[in-house]
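Step one of this worksheet: look at the structure below.
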Amino acid sequence: MSDVNMGLPIGAVERETGISKDLLRMWERRYGFPEPARDEQGDRLYAREQVEKLRLVRRLMDMGFRPGKIINLSMAELLQQVQAHQPRLEAPAPCHELIRVLLGHNPAQVQAFLQTRLHELGLQVFVREFIATCNQLVGEAWMRGELQVYEEHFYSEQINRLLRETLSRMSLPMNPPRVLLTTCPGELHMLGLLMVEVVLRMANAETLPFGCEMPCSDIASAARKHQVDVVLLSFSSAYEGDVAEQVQTLLNLLPPQTEIWVGGGGCRGLRSHGQLSVLANFNELDQCLNQWRLQRQSH
């Protein structure tokens with residue numbers, strides 16, 4: 001019997017679902033799912049229905065669910081959860097057009113499409129509304145099997161590149177608050193941070209981007225060295241670490257006057273308190289920024 005009939009090898013499952021090989025093996029040990037067969041060499045082979053279930057698990061993780069809470073649900077139960085928690089989205093036509101452009105597999109056409117939308121909408125609307133909506137549409141198309149994982153990655157890379165180019169052309173505000181932007185070890189996703197940096201720059205706030213995967217001790221040292229007012233962290237829903245533990249560690253290391261703002265799909269369940277503000281969207285980022293400035297003006 002061929003591998004195609006028996007199932008997909010672990011590398012193919014990783015590509016199709018965006019779930020790493022290490023995570024698939026860990027779930028197999030910890031939760032008893034997935035349950036791959038083995039070929040003559042002892043290598044894992046995953047049945048197509050298990051791959052489809054893993055797609056739904058990944059989509060719910062993107063919405064903020066922890067895998068241990070959902071991985072043993074049936075396909076029907078997973079679909080119910082997706083339908084119940086998927087925000088109702090009235091996306092404008094250009095956002096839907098993006099999916100067609102991605103399926104054309106023409107990098108120049110994708111770049112031209114995004115550049116045109118940026119010029120038409122202006123940077124503020126492009127980042128706050130267009131990209132945010134497209135991120136969701138691309139995720140939904142991937143979940144339905146209309147886009148492959150590599151097409152989703154290509155989309156993210158094109159947006160990352162466009163935002164970096166845009167930031168390189170923007171002025172560097174020197175007005176408070178001074179915000180350090182980074183992620184904790186294990187968090188490789190940069191798109192959310194780049195979007196936030198654009199919004200902060202447009203709000204005339206000074207930004208200090210430090211890239212990905214910065215240990216808490218280094219974040220605290222950099223925050224003191226550069227006398228930052230805010231440390232802003234992004235945690236995607238794919239983050240496998242303990243978000244609350246990382247945040248608490250950093251709170252213990254930072255001086256009391258330095259605030260921590262956190263956002264992203266991995267922050268669900270966290271609550272704002274004291275130095276910590278949990279941001280669900282750009283409106284809450286605006287509120288934190290305005291509140292910070294009002295408090296400093298009153299002193």
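Letters for chains follow the order of the structure tokens (A, B, ...), residue numbers begin at 1 for each chain, and ligand numbers begin at 1 in the order shown.
Excluding stretch 158-170 of chain A and any residue on its chain fewer than 2 positions from it, the residues at most 6 Å away by only C-alpha atoms are A:Tyr155, A:Ser156, A:Leu191.
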Residues from last step as file, N, CA, C and O atoms, as a compact mmCIF listing (two decimals), in the first residue's frame:
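The new file part_26.txt reads:
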```
# COMPACT_ATOMS: atom_id res chain seq x y z
N TYR A 155 1.76 35.26 2.22
CA TYR A 155 0.99 36.47 2.50
C TYR A 155 1.59 37.24 3.67
O TYR A 155 1.82 38.45 3.60
N SER A 156 1.87 36.52 4.77
CA SER A 156 2.43 37.19 5.95
C SER A 156 3.77 37.84 5.64
O SER A 156 4.05 38.96 6.08
N LEU A 191 4.28 40.13 12.72
CA LEU A 191 3.32 40.97 12.02
C LEU A 191 2.58 41.89 12.97
O LEU A 191 2.43 43.09 12.70
```
Handout entry: Neighbour list for stretch 263-272 of chain A as a ChimeraX atom specification, cut-off 9 Å, only C-alpha atoms, skip fewer than 4 positions in-chain
Key = /A:61-66,192,232-240,243-244,276-281
Practice task
Please identify all polymer residues within 10 Å of stretch 283-291 of chain A, counting only C-alpha atoms, omitting same-chain residues fewer than 6 positions from it, and present them as a VMD selection string.
Solution key: chain A and resid 128 176 to 177 196 199 to 200 203 205 230 261 to 263 277 297
Practice task
Mind listing the strand (DSSP E) residues of stretch 60-272 of chain A, per DSSP on the backbone, as a PyMOL selection string?
Solution key: chain A and resi 178-182+206-209+230-234+259-263
Residues as selected, N, CA, C and O atoms, written as an mmCIF file, in the first residue's frame, can you do that?
```cif
data_model
loop_
_atom_site.group_PDB
_atom_site.id
_atom_site.type_symbol
_atom_site.label_atom_id
_atom_site.label_comp_id
_atom_site.auth_asym_id
_atom_site.auth_seq_id
_atom_site.Cartn_x
_atom_site.Cartn_y
_atom_site.Cartn_z
ATOM 1 N N ARG A 178 8.131 56.482 25.339
ATOM 2 C CA ARG A 178 9.143 55.708 24.627
ATOM 3 C C ARG A 178 8.789 54.233 24.816
ATOM 4 O O ARG A 178 8.755 53.736 25.933
ATOM 5 N N VAL A 179 8.502 53.547 23.707
ATOM 6 C CA VAL A 179 7.954 52.182 23.753
ATOM 7 C C VAL A 179 8.954 51.189 23.178
ATOM 8 O O VAL A 179 9.378 51.318 22.024
ATOM 9 N N LEU A 180 9.321 50.202 23.957
ATOM 10 C CA LEU A 180 10.170 49.098 23.512
ATOM 11 C C LEU A 180 9.260 47.989 23.001
ATOM 12 O O LEU A 180 8.372 47.537 23.723
ATOM 13 N N LEU A 181 9.498 47.529 21.767
ATOM 14 C CA LEU A 181 8.666 46.483 21.168
ATOM 15 C C LEU A 181 9.502 45.223 20.944
ATOM 16 O O LEU A 181 10.578 45.281 20.337
ATOM 17 N N THR A 182 8.982 44.086 21.402
ATOM 18 C CA THR A 182 9.683 42.827 21.208
ATOM 19 C C THR A 182 8.743 41.660 21.476
ATOM 20 O O THR A 182 7.549 41.857 21.730
ATOM 21 N N GLU A 206 7.558 57.585 20.409
ATOM 22 C CA GLU A 206 8.885 57.056 20.103
ATOM 23 C C GLU A 206 8.885 55.534 20.257
ATOM 24 O O GLU A 206 8.437 55.012 21.284
ATOM 25 N N THR A 207 9.400 54.839 19.260
ATOM 26 C CA THR A 207 9.410 53.370 19.300
ATOM 27 C C THR A 207 10.841 52.849 19.213
ATOM 28 O O THR A 207 11.666 53.378 18.469
ATOM 29 N N LEU A 208 11.106 51.802 19.976
ATOM 30 C CA LEU A 208 12.402 51.127 19.957
ATOM 31 C C LEU A 208 12.161 49.646 19.661
ATOM 32 O O LEU A 208 11.922 48.851 20.576
ATOM 33 N N PRO A 209 12.184 49.235 18.389
ATOM 34 C CA PRO A 209 11.946 47.826 18.057
ATOM 35 C C PRO A 209 13.199 46.992 18.297
ATOM 36 O O PRO A 209 14.290 47.341 17.857
ATOM 37 N N VAL A 230 7.310 52.228 28.325
ATOM 38 C CA VAL A 230 6.416 51.084 28.100
ATOM 39 C C VAL A 230 7.188 49.970 27.408
ATOM 40 O O VAL A 230 7.950 50.219 26.465
ATOM 41 N N VAL A 231 6.987 48.748 27.858
ATOM 42 C CA VAL A 231 7.430 47.552 27.135
ATOM 43 C C VAL A 231 6.192 46.932 26.502
ATOM 44 O O VAL A 231 5.230 46.607 27.206
ATOM 45 N N LEU A 232 6.197 46.807 25.189
ATOM 46 C CA LEU A 232 5.042 46.242 24.486
ATOM 47 C C LEU A 232 5.431 44.883 23.913
ATOM 48 O O LEU A 232 6.377 44.770 23.143
ATOM 49 N N LEU A 233 4.684 43.858 24.319
ATOM 50 C CA LEU A 233 4.947 42.475 23.914
ATOM 51 C C LEU A 233 3.789 41.944 23.084
ATOM 52 O O LEU A 233 2.624 42.255 23.356
ATOM 53 N N SER A 234 4.119 41.110 22.102
ATOM 54 C CA SER A 234 3.103 40.450 21.289
ATOM 55 C C SER A 234 3.193 38.944 21.495
ATOM 56 O O SER A 234 4.282 38.372 21.441
ATOM 57 N N GLU A 259 5.510 50.570 32.365
ATOM 58 C CA GLU A 259 4.307 49.785 32.106
ATOM 59 C C GLU A 259 4.590 48.676 31.105
ATOM 60 O O GLU A 259 5.532 48.752 30.306
ATOM 61 N N ILE A 260 3.763 47.624 31.150
ATOM 62 C CA ILE A 260 3.806 46.550 30.153
ATOM 63 C C ILE A 260 2.458 46.527 29.439
ATOM 64 O O ILE A 260 1.408 46.429 30.084
ATOM 65 N N TRP A 261 2.507 46.633 28.131
ATOM 66 C CA TRP A 261 1.309 46.484 27.308
ATOM 67 C C TRP A 261 1.480 45.203 26.493
ATOM 68 O O TRP A 261 2.519 44.999 25.866
ATOM 69 N N VAL A 262 0.492 44.331 26.513
ATOM 70 C CA VAL A 262 0.572 43.073 25.776
ATOM 71 C C VAL A 262 -0.648 42.916 24.885
ATOM 72 O O VAL A 262 -1.743 43.364 25.220
ATOM 73 N N GLY A 263 -0.435 42.274 23.741
ATOM 74 C CA GLY A 263 -1.541 42.032 22.821
ATOM 75 C C GLY A 263 -1.293 40.796 21.992
ATOM 76 O O GLY A 263 -0.206 40.215 22.018
#
```
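Residue nearest A:Gln109 within the list A:Leu254, A:Glu97, A:Ile19, A:Thr133: A:Glu97 [criterion: smallest interatomic distance, only C-alpha atoms].
Of the listed residues A:Thr258, A:Gln124, A:Asn204, A:Gln246, the one whose atoms come nearest to A:Gln227 is A:Thr258, with distances taken using only C-alpha atoms.
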Exercise for the section: Check stretch 123-296 of chain A with DSSP on the backbone and list each residue it calls alpha helix (DSSP H), as JSON, numbers by chain. Expected result: {"A": [123, 124, 125, 132, 133, 134, 135, 136, 137, 138, 139, 140, 141, 142, 143, 149, 150, 151, 152, 153, 154, 155, 156, 157, 158, 159, 160, 161, 162, 163, 164, 165, 166, 167, 168, 169, 191, 192, 193, 194, 195, 196, 197, 198, 199, 200, 201, 202, 216, 217, 218, 219, 220, 221, 222, 223, 224, 225, 243, 244, 245, 246, 247, 248, 249, 250, 251, 252, 253, 282, 283, 284, 285, 286, 287, 288, 289, 290, 291, 292, 293, 294, 295, 296]}
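For the set A:Leu24, A:Ala12, A:Met190, A:Leu103, the residue with the smallest atom-to-atom gap to A:Ile71 is A:Leu24, counting only C-alpha atoms.
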Exercise for the section: Might you pull out every residue within 12 Å of A:Glu28, with only C-alpha atoms counted and same-chain residues fewer than 6 positions away left off, and present them as a list of chain:residue names? Expected result: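 Counting only C-alpha atoms, the residues come to A:Lys21, A:Asp22, A:Pro34, A:Glu35, A:Pro36, A:Ala37, A:Arg44, A:Tyr46, A:Gln50, A:Leu54, A:Pro67, A:Gly68, A:Ile71, A:Asn72.
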Near stretch 215-219 of chain A, counting only C-alpha atoms, which residues have an atom at most 8 Å away, once you skip same-chain residues fewer than 2 positions from it, shown as a short mmCIF file (atom, residue, chain, number, x, y, z; two decimals) with N, CA, C and O atoms, in the first residue's frame?
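Result file result-v4.cif:
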```cif
data_model
loop_
_atom_site.label_atom_id
_atom_site.label_comp_id
_atom_site.auth_asym_id
_atom_site.auth_seq_id
_atom_site.Cartn_x
_atom_site.Cartn_y
_atom_site.Cartn_z
N CYS A 184 8.83 37.50 23.45
CA CYS A 184 9.56 36.63 24.37
C CYS A 184 10.11 35.42 23.61
O CYS A 184 9.68 35.13 22.48
N PRO A 185 11.05 34.69 24.21
CA PRO A 185 11.60 33.50 23.55
C PRO A 185 10.50 32.52 23.13
O PRO A 185 9.57 32.24 23.89
N GLU A 213 12.07 37.29 20.17
CA GLU A 213 12.68 36.33 21.10
C GLU A 213 13.75 36.95 22.01
O GLU A 213 14.89 36.54 22.02
N SER A 221 16.87 44.78 31.11
CA SER A 221 18.11 45.54 31.01
C SER A 221 18.00 46.63 29.95
O SER A 221 18.42 47.78 30.18
N ALA A 222 17.42 46.28 28.79
CA ALA A 222 17.26 47.27 27.72
C ALA A 222 16.30 48.38 28.14
O ALA A 222 16.51 49.56 27.82
N ALA A 223 15.25 48.00 28.85
CA ALA A 223 14.27 48.99 29.31
C ALA A 223 14.92 50.01 30.25
O ALA A 223 14.66 51.22 30.17
N GLN A 246 5.62 34.51 31.76
CA GLN A 246 6.58 35.44 31.16
C GLN A 246 6.29 36.88 31.58
O GLN A 246 7.20 37.64 31.92
N THR A 249 7.23 37.41 35.25
CA THR A 249 8.69 37.50 35.39
C THR A 249 9.18 38.89 35.02
O THR A 249 10.01 39.49 35.72
N LEU A 250 8.64 39.42 33.95
CA LEU A 250 9.05 40.75 33.51
C LEU A 250 8.59 41.83 34.48
O LEU A 250 9.32 42.79 34.77
N LEU A 253 10.94 42.22 37.19
CA LEU A 253 12.26 42.76 36.84
C LEU A 253 12.24 44.25 36.51
O LEU A 253 13.27 44.92 36.63
#
```
Problem - Selection near A:Leu8, 12 Å with only C-alpha atoms, sequence-local residues under 2 positions removed, as a ChimeraX atom specification - result: /A:2-6,10-17,36-39,43-52
Exercise for the section: Using only C-alpha atoms, determine which residues lie at most 10 Å from A:Phe113, disregarding the query and same-chain residues fewer than 2 positions distant; provide the list as a VMD selection string. Expected result: chain A and resid 94 97 to 98 101 to 102 107 to 111 115 to 118
Exercise for the section: Can you work out the spacing between atom CA of A:Glu187 and atom CA of A:His96 in Å, to one decimal? Expected result: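 Result for atom CA of A:Glu187 versus atom CA of A:His96: 28.7 Å, one decimal.
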Problem - Closest of A:Arg58, A:Lys53, A:Arg29, A:His273 to A:Ser74 - atom-to-atom distances counting only C-alpha atoms - result: A:Lys53
